[in-house]
Amino acid sequence: MTGFLGKAPLTSDIALFIEIAIVIALLLGRFRLARKKRFEAHGRVMTLAVILHAISVLLVMIPSLAVSLDLLFTDFLAPAILITWIHAPLGTLTLILGAYLIMEWRFRPVSVTCQRRAKLMRPLWLLWIFNLILGLIIYATIAFA
């Protein structure tokens, strides 16, 4: 079933909106809550973002990748395929690092985790945004091709 934004499947459209909601949560968590030193609320928002992202990955992205697996190997040099080969491992790394930070936060005092892991949080934020941009490019090539 095609989605409402273009030729992409409806599940891809839903995942797109989930990922946009995640970015809004990330912006809220990073630029409002963390800067105001509301670390408990920051941790909760980031937990929600990681959980939503994991759901999106498990229910939409992995199945989509599995369906396209033969294309990923036969048309390797197509721009969207090359981007997918970058997007998938970076997305996996982003999800793993996000989950790691959330798990560490849940089992240690919030202020300790935020202070100790700020050097990891900043690059993870940039990685997440970069990977989102790659995902948007992939989505656009499917939806508007």
# chains A, B, ... in the order shown; residues from 1 in each chain; ligands from 1
call {"tool": "select_by_dssp", "arguments": {"residues": "chain A", "states": "helix (DSSP H, G or I)", "output": "PyMOL selection string"}}
result
chain A and resi 10-34+39-67+69-74+79-107+110-143
call {"tool": "write_last_selection", "arguments": {"atoms": "C-alpha atoms", "output": "compact mmCIF listing (two decimals), in the first residue's frame"}}
result
# COMPACT_ATOMS: atom_id res chain seq x y z
CA LEU A 10 2.62 3.77 4.08
CA THR A 11 4.93 2.23 6.70
CA SER A 12 7.77 4.41 5.38
CA ASP A 13 5.57 7.50 5.69
CA ILE A 14 4.72 6.56 9.27
CA ALA A 15 8.40 5.94 10.06
CA LEU A 16 9.23 9.34 8.56
CA PHE A 17 6.79 11.05 10.92
CA ILE A 18 8.11 9.04 13.86
CA GLU A 19 11.67 10.09 13.02
CA ILE A 20 10.58 13.74 12.75
CA ALA A 21 8.95 13.43 16.18
CA ILE A 22 12.21 11.94 17.45
CA VAL A 23 14.20 14.90 16.15
CA ILE A 24 11.81 17.27 17.89
CA ALA A 25 12.31 15.27 21.11
CA LEU A 26 16.08 15.36 20.61
CA LEU A 27 15.99 19.12 20.08
CA LEU A 28 13.85 19.58 23.18
CA GLY A 29 16.06 17.31 25.25
CA ARG A 30 19.35 18.75 24.10
CA PHE A 31 18.65 22.45 23.78
CA ARG A 32 15.99 23.01 26.44
CA LEU A 33 16.27 20.41 29.15
CA ALA A 34 19.99 19.62 29.25
CA PHE A 39 18.81 16.09 33.62
CA GLU A 40 16.02 13.79 34.81
CA ALA A 41 13.59 15.19 32.22
CA HIS A 42 16.39 15.17 29.63
CA GLY A 43 16.97 11.47 30.29
CA ARG A 44 13.29 10.65 29.98
CA VAL A 45 12.95 12.49 26.68
CA MET A 46 16.06 10.80 25.31
CA THR A 47 14.74 7.41 26.48
CA LEU A 48 11.51 8.04 24.59
CA ALA A 49 13.50 9.04 21.49
CA VAL A 50 15.63 5.88 21.60
CA ILE A 51 12.59 3.64 22.15
CA LEU A 52 10.66 5.25 19.28
CA HIS A 53 13.70 4.96 17.06
CA ALA A 54 14.16 1.28 17.94
CA ILE A 55 10.51 0.62 17.10
CA SER A 56 10.89 2.41 13.78
CA VAL A 57 14.04 0.45 12.98
CA LEU A 58 12.57 -2.92 13.95
CA LEU A 59 9.16 -2.52 12.34
CA VAL A 60 9.99 -0.52 9.21
CA MET A 61 13.66 -0.10 8.39
CA ILE A 62 14.92 -3.66 8.88
CA PRO A 63 12.00 -5.22 6.95
CA SER A 64 12.49 -2.66 4.17
CA LEU A 65 16.18 -3.47 4.04
CA ALA A 66 15.46 -7.20 3.96
CA VAL A 67 13.05 -6.80 1.03
CA LEU A 69 18.61 -6.94 -0.08
CA ASP A 70 19.02 -8.32 -3.60
CA LEU A 71 18.95 -4.76 -5.03
CA LEU A 72 21.59 -3.67 -2.52
CA PHE A 73 24.01 -6.19 -4.00
CA THR A 74 23.08 -5.98 -7.70
CA PRO A 79 23.43 6.70 -5.34
CA ALA A 80 20.51 5.61 -3.13
CA ILE A 81 22.12 2.19 -2.63
CA LEU A 82 25.46 3.71 -1.66
CA ILE A 83 23.68 5.97 0.81
CA THR A 84 21.86 2.94 2.21
CA TRP A 85 25.19 1.16 2.74
CA ILE A 86 26.32 4.17 4.80
CA HIS A 87 22.96 4.76 6.52
CA ALA A 88 22.40 1.21 7.79
CA PRO A 89 25.64 0.73 9.78
CA LEU A 90 25.64 4.33 11.04
CA GLY A 91 22.02 3.93 12.10
CA THR A 92 22.90 0.73 13.92
CA LEU A 93 25.77 2.48 15.69
CA THR A 94 23.52 5.41 16.58
CA LEU A 95 20.89 3.11 18.06
CA ILE A 96 23.45 1.08 20.02
CA LEU A 97 25.15 4.19 21.45
CA GLY A 98 21.79 5.77 22.31
CA ALA A 99 20.65 2.59 24.05
CA TYR A 100 23.98 2.38 25.90
CA LEU A 101 23.64 5.93 27.22
CA ILE A 102 20.05 5.29 28.27
CA MET A 103 20.99 2.10 30.08
CA GLU A 104 23.87 3.79 31.82
CA TRP A 105 21.58 6.66 32.84
CA ARG A 106 19.00 4.27 34.27
CA PHE A 107 21.55 2.57 36.54
CA VAL A 110 21.59 11.27 36.33
CA SER A 111 23.98 14.13 37.03
CA VAL A 112 26.95 11.74 37.04
CA THR A 113 25.96 10.15 33.73
CA CYS A 114 25.32 13.47 32.01
CA GLN A 115 28.60 14.97 33.16
CA ARG A 116 30.66 11.86 32.39
CA ARG A 117 29.08 11.16 29.01
CA ALA A 118 28.66 14.67 27.58
CA LYS A 119 31.66 14.06 25.31
CA LEU A 120 29.85 11.04 23.83
CA MET A 121 26.43 12.72 23.71
CA ARG A 122 27.53 15.59 21.48
CA PRO A 123 29.01 13.45 18.68
CA LEU A 124 26.04 11.07 18.99
CA TRP A 125 23.70 14.03 18.44
CA LEU A 126 25.58 14.96 15.26
CA LEU A 127 25.67 11.33 14.12
CA TRP A 128 21.92 11.03 14.68
CA ILE A 129 21.23 14.19 12.63
CA PHE A 130 23.59 13.10 9.83
CA ASN A 131 21.94 9.69 9.72
CA LEU A 132 18.50 11.30 9.66
CA ILE A 133 19.54 13.34 6.64
CA LEU A 134 20.74 10.16 4.90
CA GLY A 135 17.42 8.51 5.73
CA LEU A 136 15.51 11.48 4.32
CA ILE A 137 17.50 11.21 1.09
CA ILE A 138 16.70 7.49 0.85
CA TYR A 139 13.04 8.19 1.57
CA ALA A 140 12.92 10.94 -1.08
CA THR A 141 14.45 8.68 -3.73
CA ILE A 142 11.75 6.08 -3.04
CA ALA A 143 8.78 8.39 -2.56
call {"tool": "residues_around", "arguments": {"residues": "Phe144 in chain A", "least_positions_apart": "4", "cutoff": "8 Å", "atoms": "only C-alpha atoms", "output": "ChimeraX atom specification"}}
result
/A:6-8,140
call {"tool": "write_last_selection", "arguments": {"atoms": "N, CA and C atoms", "output": "PDB file, in the first residue's frame"}}
result
ATOM      1  N   GLY A   6       3.831  10.072  -1.342  1.00  0.00           N
ATOM      2  CA  GLY A   6       4.441   9.755  -2.629  1.00  0.00           C
ATOM      3  C   GLY A   6       4.329   8.277  -2.901  1.00  0.00           C
ATOM      4  N   LYS A   7       5.332   7.728  -3.576  1.00  0.00           N
ATOM      5  CA  LYS A   7       5.315   6.321  -3.964  1.00  0.00           C
ATOM      6  C   LYS A   7       5.809   5.374  -2.868  1.00  0.00           C
ATOM      7  N   ALA A   8       6.343   5.915  -1.809  1.00  0.00           N
ATOM      8  CA  ALA A   8       6.866   5.078  -0.725  1.00  0.00           C
ATOM      9  C   ALA A   8       5.710   4.376  -0.016  1.00  0.00           C
ATOM     10  N   ALA A 140      13.275  10.105   0.077  1.00  0.00           N
ATOM     11  CA  ALA A 140      12.916  10.943  -1.080  1.00  0.00           C
ATOM     12  C   ALA A 140      13.144  10.214  -2.393  1.00  0.00           C
TER      13      ALA A 140
END
